[in-house]
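A.B. asks: One structure, as structure tokens, below. Some questions next.
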Amino acid sequence: MNTQGLAFDEAPPLMLVLRSFLLAPWFLAASGVMLMVAGPTVWVDRYTPGLLAATHLVTIGFLMLTATTAVFQLVPVVAGVGLPYATVLLPVVRWGLALGAALLAAAFLDNRPLLFALAAIPLTLAATVFTVSAVSALWRLPKQKTMTPMIYAVLMLGVALVFGLIMAGERAAGAPVSAALLDTHPLWALAGGVFVLWAAVAAQVLPMFQGVRPWPTRVSLMLGPLILGLLLAIRAADVWAGGVWGAVLRIALAVVIATAAAHAAHRLRTRTRRRADAMTFFWYMGLAGLTGAAVVGGLMAAHIVTGLKAPLVFGFLAIAGAAVSLIDGMLYKIVPFLIWLHLQRQPGAPHVLMSSAIGERATKRHAIAHAVALGLGLAAIAWPHAFAEAAGAAWMADGLMLGANLVMALVFYQRLSRAGTGIVPHATL
């Protein structure tokens with residue numbers, strides 16, 4: 001494992017980070033319960049209340065919670081400078097996102113303006129605290145080129161959150177939601193925030209845990225400005241230039257994302273560490289989902305694929321197929337590594353394998369269950385009456401398995417911490 005140049009002494013306290021990672025999977029499970037209870041009607045189109053509620057439980061409660069926590073964890077380690085007041089700010093972000101996700105899901109289901117207004121309060125607080133603290137910390141490190149892509153990711157994620165809050169405000173006021181924001185919000189959130197943040201984190205995580213050759217610096221530095229420029233150009237084209245230029249730019253965005261996914265897949269396939277583990281399986285699924293979403297998005301922009309089902313397929317591939325799969329894979333490395341690292345720093349602590357925190361069988365079982373959940377989700381889009389409940393149950397099981405495995409890692413850490421000099425098999429990384 002390559003940890004050269006990383007400042008682990010600057011990392012935030014272990015439990016501060018683990019609490020957020022442990023909370024996130026239960027929002028994933030809750031979205032599955034919602035899909036299972038709602039039944040076939042939830043898959044009619046992307047604007048059904050049940051699907052909107054489930055989607056925001058995943059995007060805010062799972063994706064945003066893990067992504068923001070990863071930034072708080074990664075920036076100090078890579079840049080060598082701790083984020084000020086992290087012990088206060090991270091809980092604010094955590095519970096702001098958690099409460100906001102729950103209230104927003106309830107608002108979509110009940111369609112009460114008051115609930116949208118209440119949801120906007122903790123989400124605004126969390127978004128403001130995270131964006132200001134992350135950007136201010138990153139901005140103070142101009143020489144850290146490895147952190148530059150993350151600056152763009154945080155900025156675009158912040159813009160997407162602003163768009164979402166504007167729409168929540170419109171619903172709270174009882175006004176119709178801006179049609180332009182219905183497409184702009186997910187585009188900035190997925191292509192801008194999630195994709196660029198994934199690329200920034202992957203550039204650090206894959207070489208460290210998978211033996212992947214480091215990303216070329218010019219590729220990492222150019223991706224953020226390129227995506228930001230395309231998103232701004234798409235917005236300008238939609239407002240002033242008509243549909244043709246907007247379609248061309250959306251196709252260009254899809255090509256960039258598909259190319260980045262292919263590049264990452266090639267580096268993963270040619271990694272020096274040949275033995276595949278659960279992270280490898282999740283990442284191959286995630287890169288397949290990312291490529292599929294880019295292809296469907298490009299075909300939709302070119303008006304080759306139309307209809308109500310196309311946006312459902314695109315959203316499912318982008319969120320469940322790409323984002324959730326990739327984050328699952330990272331959690332199965334980041335959490336055991338953090339536990340291993342903190343155990344080694346305790347006086348008289350036992351020496352253990354990093355993989356001991358979560359058993360390989362458990363992670364592989366989850367990888368198989370996740371693949372089944374993805375297949376059933378796509379089947380439910382095509383044949384909702386036959387597969388809707390099964391897809392919801394599989395998605396619920398997906399979140400429960402991830403949550404149980406992360407709890408297993410915490411129990412492992414607490415047991416060995418109490419044992420102190422307890423006898424366990426000696427091993428090294």
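Identifiers in this document derive from the order of the structure tokens: chains are assigned A, B, ..., residues are numbered from 1 separately in each chain, and ligands are numbered from 1 in order of occurrence.
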Residues within 10 Å of Leu308 in chain A, please, as an MDAnalysis selection string. Count only C-alpha atoms; anything in the same chain fewer than 6 positions from it doesn't count.
C.D. replies: chainID A and resid 43:46
A.B. asks: DSSP on the backbone: what in range 179-417 of chain A comes out alpha helix (DSSP H), as a JSON list (two decimals) with C-alpha atoms, in the first residue's frame?
C.D. replies:
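File produced: out-v8.json:
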[["chain", "number", "residue", "atom", "x", "y", "z"],
["A", 179, "ALA", "CA", -38.65, 24.08, -15.24],
["A", 180, "ALA", "CA", -35.05, 25.01, -16.03],
["A", 181, "LEU", "CA", -33.85, 23.95, -12.57],
["A", 182, "LEU", "CA", -35.47, 20.52, -12.88],
["A", 183, "ASP", "CA", -32.72, 19.55, -15.34],
["A", 184, "THR", "CA", -29.98, 21.93, -14.20],
["A", 185, "HIS", "CA", -30.01, 20.79, -10.55],
["A", 186, "PRO", "CA", -29.30, 17.07, -11.19],
["A", 187, "LEU", "CA", -26.81, 17.90, -13.95],
["A", 195, "PHE", "CA", -18.32, 13.03, -10.78],
["A", 196, "VAL", "CA", -15.50, 15.54, -10.23],
["A", 197, "LEU", "CA", -15.34, 14.70, -6.51],
["A", 198, "TRP", "CA", -15.13, 11.02, -7.44],
["A", 199, "ALA", "CA", -12.25, 11.76, -9.82],
["A", 200, "ALA", "CA", -10.44, 13.79, -7.14],
["A", 201, "VAL", "CA", -10.83, 11.07, -4.50],
["A", 202, "ALA", "CA", -10.06, 8.25, -6.95],
["A", 203, "ALA", "CA", -6.75, 9.89, -7.85],
["A", 204, "GLN", "CA", -5.75, 9.44, -4.19],
["A", 205, "VAL", "CA", -7.52, 6.21, -3.22],
["A", 206, "LEU", "CA", -6.85, 3.92, -6.19],
["A", 207, "PRO", "CA", -3.05, 4.27, -6.21],
["A", 208, "MET", "CA", -3.05, 3.85, -2.45],
["A", 209, "PHE", "CA", -5.24, 0.74, -2.15],
["A", 210, "GLN", "CA", -5.26, -0.89, -5.59],
["A", 217, "THR", "CA", -1.23, 15.62, -13.10],
["A", 218, "ARG", "CA", -2.43, 17.43, -16.21],
["A", 219, "VAL", "CA", -5.51, 15.15, -16.40],
["A", 220, "SER", "CA", -6.46, 15.83, -12.79],
["A", 221, "LEU", "CA", -5.93, 19.58, -13.12],
["A", 222, "MET", "CA", -7.86, 19.88, -16.36],
["A", 223, "LEU", "CA", -10.96, 17.81, -15.48],
["A", 224, "GLY", "CA", -12.54, 20.24, -13.00],
["A", 225, "PRO", "CA", -12.29, 23.37, -15.19],
["A", 226, "LEU", "CA", -13.45, 21.36, -18.22],
["A", 227, "ILE", "CA", -16.60, 20.08, -16.51],
["A", 228, "LEU", "CA", -17.32, 23.50, -14.99],
["A", 229, "GLY", "CA", -16.89, 25.16, -18.38],
["A", 230, "LEU", "CA", -19.22, 22.67, -20.05],
["A", 231, "LEU", "CA", -21.89, 23.11, -17.38],
["A", 232, "LEU", "CA", -21.73, 26.91, -17.68],
["A", 233, "ALA", "CA", -21.84, 26.65, -21.47],
["A", 234, "ILE", "CA", -24.86, 24.32, -21.30],
["A", 235, "ARG", "CA", -26.68, 26.77, -19.05],
["A", 236, "ALA", "CA", -25.85, 29.68, -21.38],
["A", 243, "GLY", "CA", -31.75, 23.64, -28.14],
["A", 244, "VAL", "CA", -29.14, 22.63, -30.74],
["A", 245, "TRP", "CA", -26.09, 24.01, -28.92],
["A", 246, "GLY", "CA", -27.39, 22.70, -25.62],
["A", 247, "ALA", "CA", -27.66, 19.22, -27.13],
["A", 248, "VAL", "CA", -24.16, 19.39, -28.62],
["A", 249, "LEU", "CA", -22.65, 20.49, -25.31],
["A", 250, "ARG", "CA", -24.51, 17.77, -23.39],
["A", 251, "ILE", "CA", -23.13, 15.17, -25.81],
["A", 252, "ALA", "CA", -19.64, 16.61, -25.27],
["A", 253, "LEU", "CA", -20.14, 16.31, -21.50],
["A", 254, "ALA", "CA", -21.21, 12.68, -21.91],
["A", 255, "VAL", "CA", -18.11, 11.95, -24.01],
["A", 256, "VAL", "CA", -15.81, 13.47, -21.36],
["A", 257, "ILE", "CA", -17.40, 11.41, -18.58],
["A", 258, "ALA", "CA", -17.35, 8.18, -20.60],
["A", 259, "THR", "CA", -13.70, 8.79, -21.51],
["A", 260, "ALA", "CA", -12.77, 9.36, -17.86],
["A", 261, "ALA", "CA", -14.58, 6.16, -16.87],
["A", 262, "ALA", "CA", -12.77, 4.19, -19.59],
["A", 263, "HIS", "CA", -9.44, 5.68, -18.46],
["A", 264, "ALA", "CA", -10.09, 4.66, -14.85],
["A", 265, "ALA", "CA", -11.20, 1.16, -15.91],
["A", 266, "HIS", "CA", -8.01, 0.69, -17.94],
["A", 267, "ARG", "CA", -5.83, 1.74, -15.03],
["A", 268, "LEU", "CA", -7.76, -0.54, -12.71],
["A", 269, "ARG", "CA", -7.37, -3.45, -15.12],
["A", 278, "ALA", "CA", -14.51, -6.30, -2.95],
["A", 279, "MET", "CA", -13.39, -2.76, -3.79],
["A", 280, "THR", "CA", -12.37, -3.94, -7.25],
["A", 281, "PHE", "CA", -15.78, -5.50, -7.88],
["A", 282, "PHE", "CA", -17.65, -2.41, -6.70],
["A", 283, "TRP", "CA", -15.48, -0.14, -8.81],
["A", 284, "TYR", "CA", -16.00, -2.16, -11.97],
["A", 285, "MET", "CA", -19.76, -1.96, -11.36],
["A", 286, "GLY", "CA", -19.48, 1.76, -10.68],
["A", 287, "LEU", "CA", -17.47, 2.46, -13.82],
["A", 288, "ALA", "CA", -19.95, 0.40, -15.87],
["A", 289, "GLY", "CA", -22.79, 2.47, -14.39],
["A", 290, "LEU", "CA", -20.91, 5.71, -15.09],
["A", 291, "THR", "CA", -20.32, 4.69, -18.71],
["A", 292, "GLY", "CA", -23.93, 3.57, -19.11],
["A", 293, "ALA", "CA", -25.25, 6.86, -17.69],
["A", 294, "ALA", "CA", -22.99, 8.84, -20.04],
["A", 295, "VAL", "CA", -24.18, 6.84, -23.05],
["A", 296, "VAL", "CA", -27.88, 7.16, -22.15],
["A", 297, "GLY", "CA", -27.42, 10.87, -21.39],
["A", 298, "GLY", "CA", -25.73, 11.43, -24.74],
["A", 299, "LEU", "CA", -28.46, 9.53, -26.59],
["A", 300, "MET", "CA", -31.12, 11.56, -24.78],
["A", 301, "ALA", "CA", -29.38, 14.81, -25.71],
["A", 309, "LYS", "CA", -38.29, 5.68, -19.17],
["A", 310, "ALA", "CA", -35.05, 7.19, -20.51],
["A", 311, "PRO", "CA", -34.59, 9.71, -17.64],
["A", 312, "LEU", "CA", -35.33, 6.90, -15.16],
["A", 313, "VAL", "CA", -32.63, 4.70, -16.67],
["A", 314, "PHE", "CA", -30.18, 7.60, -16.77],
["A", 315, "GLY", "CA", -30.83, 8.56, -13.14],
["A", 316, "PHE", "CA", -30.66, 4.98, -11.90],
["A", 325, "SER", "CA", -21.22, 1.50, -6.26],
["A", 326, "LEU", "CA", -18.08, 3.65, -6.23],
["A", 327, "ILE", "CA", -18.74, 4.95, -2.71],
["A", 328, "ASP", "CA", -19.40, 1.42, -1.46],
["A", 329, "GLY", "CA", -16.04, 0.35, -2.85],
["A", 330, "MET", "CA", -14.26, 3.28, -1.20],
["A", 331, "LEU", "CA", -15.93, 2.72, 2.17],
["A", 332, "TYR", "CA", -14.74, -0.90, 2.20],
["A", 333, "LYS", "CA", -11.16, 0.37, 2.01],
["A", 334, "ILE", "CA", -11.27, 3.69, 3.84],
["A", 335, "VAL", "CA", -13.06, 2.46, 6.98],
["A", 336, "PRO", "CA", -10.85, -0.64, 7.57],
["A", 337, "PHE", "CA", -7.75, 1.44, 6.82],
["A", 338, "LEU", "CA", -8.68, 4.13, 9.34],
["A", 339, "ILE", "CA", -9.38, 1.46, 11.96],
["A", 340, "TRP", "CA", -6.09, -0.30, 11.24],
["A", 341, "LEU", "CA", -4.20, 3.01, 11.37],
["A", 342, "HIS", "CA", -5.64, 4.01, 14.75],
["A", 343, "LEU", "CA", -5.06, 0.55, 16.21],
["A", 344, "GLN", "CA", -1.39, 0.69, 15.25],
["A", 360, "GLU", "CA", -13.71, -10.64, 2.81],
["A", 361, "ARG", "CA", -16.68, -13.00, 2.61],
["A", 362, "ALA", "CA", -19.01, -10.34, 4.00],
["A", 363, "THR", "CA", -17.85, -7.75, 1.49],
["A", 364, "LYS", "CA", -18.12, -10.17, -1.43],
["A", 365, "ARG", "CA", -21.63, -11.15, -0.35],
["A", 366, "HIS", "CA", -22.54, -7.48, -0.36],
["A", 367, "ALA", "CA", -20.98, -7.02, -3.81],
["A", 368, "ILE", "CA", -23.16, -9.85, -5.14],
["A", 369, "ALA", "CA", -26.26, -8.43, -3.43],
["A", 370, "HIS", "CA", -25.49, -5.00, -4.87],
["A", 371, "ALA", "CA", -25.20, -6.42, -8.38],
["A", 372, "VAL", "CA", -28.58, -8.14, -7.92],
["A", 373, "ALA", "CA", -30.12, -4.89, -6.64],
["A", 374, "LEU", "CA", -28.85, -3.03, -9.71],
["A", 375, "GLY", "CA", -30.27, -5.68, -12.03],
["A", 376, "LEU", "CA", -33.64, -5.67, -10.27],
["A", 377, "GLY", "CA", -33.74, -1.86, -10.34],
["A", 378, "LEU", "CA", -33.32, -1.81, -14.11],
["A", 379, "ALA", "CA", -35.90, -4.60, -14.41],
["A", 380, "ALA", "CA", -38.35, -2.59, -12.29],
["A", 381, "ILE", "CA", -38.00, 0.38, -14.66],
["A", 382, "ALA", "CA", -38.86, -1.86, -17.61],
["A", 384, "PRO", "CA", -42.63, -2.31, -12.73],
["A", 385, "HIS", "CA", -45.56, -4.61, -11.98],
["A", 386, "ALA", "CA", -43.31, -7.65, -11.94],
["A", 387, "PHE", "CA", -40.20, -6.31, -10.19],
["A", 388, "ALA", "CA", -41.05, -3.13, -8.22],
["A", 389, "GLU", "CA", -41.34, -4.74, -4.77],
["A", 390, "ALA", "CA", -38.36, -7.04, -5.37],
["A", 391, "ALA", "CA", -36.21, -4.08, -6.41],
["A", 392, "GLY", "CA", -37.18, -2.14, -3.28],
["A", 393, "ALA", "CA", -36.43, -5.14, -1.06],
["A", 394, "ALA", "CA", -33.07, -5.66, -2.75],
["A", 395, "TRP", "CA", -32.18, -2.00, -2.32],
["A", 396, "MET", "CA", -33.17, -2.18, 1.35],
["A", 397, "ALA", "CA", -30.99, -5.27, 1.80],
["A", 398, "ASP", "CA", -28.15, -3.47, 0.05],
["A", 399, "GLY", "CA", -28.16, -0.65, 2.62],
["A", 400, "LEU", "CA", -28.61, -3.03, 5.55],
["A", 401, "MET", "CA", -25.66, -5.18, 4.48],
["A", 402, "LEU", "CA", -23.38, -2.17, 4.12],
["A", 403, "GLY", "CA", -24.51, -0.78, 7.46],
["A", 404, "ALA", "CA", -24.03, -4.14, 9.20],
["A", 405, "ASN", "CA", -20.54, -4.54, 7.74],
["A", 406, "LEU", "CA", -19.48, -1.08, 8.88],
["A", 407, "VAL", "CA", -20.87, -1.77, 12.36],
["A", 408, "MET", "CA", -18.85, -5.00, 12.29],
["A", 409, "ALA", "CA", -15.73, -2.94, 11.66],
["A", 410, "LEU", "CA", -16.54, -0.65, 14.60],
["A", 411, "VAL", "CA", -17.07, -3.64, 16.92],
["A", 412, "PHE", "CA", -13.74, -5.05, 15.73],
["A", 413, "TYR", "CA", -12.01, -1.79, 16.58],
["A", 414, "GLN", "CA", -13.63, -1.46, 19.99],
["A", 415, "ARG", "CA", -12.84, -5.08, 20.89],
["A", 416, "LEU", "CA", -9.16, -4.78, 20.05],
["A", 417, "SER", "CA", -8.90, -1.35, 21.63]]
A.B. asks: Measuring between only C-alpha atoms, which one of A:Val77, A:Val93, A:Val129, A:Ala105 shows the shortest distance to Phe27 in chain A?
C.D. replies: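 Using only C-alpha atoms, Phe27 in chain A sits closest to A:Ala105.
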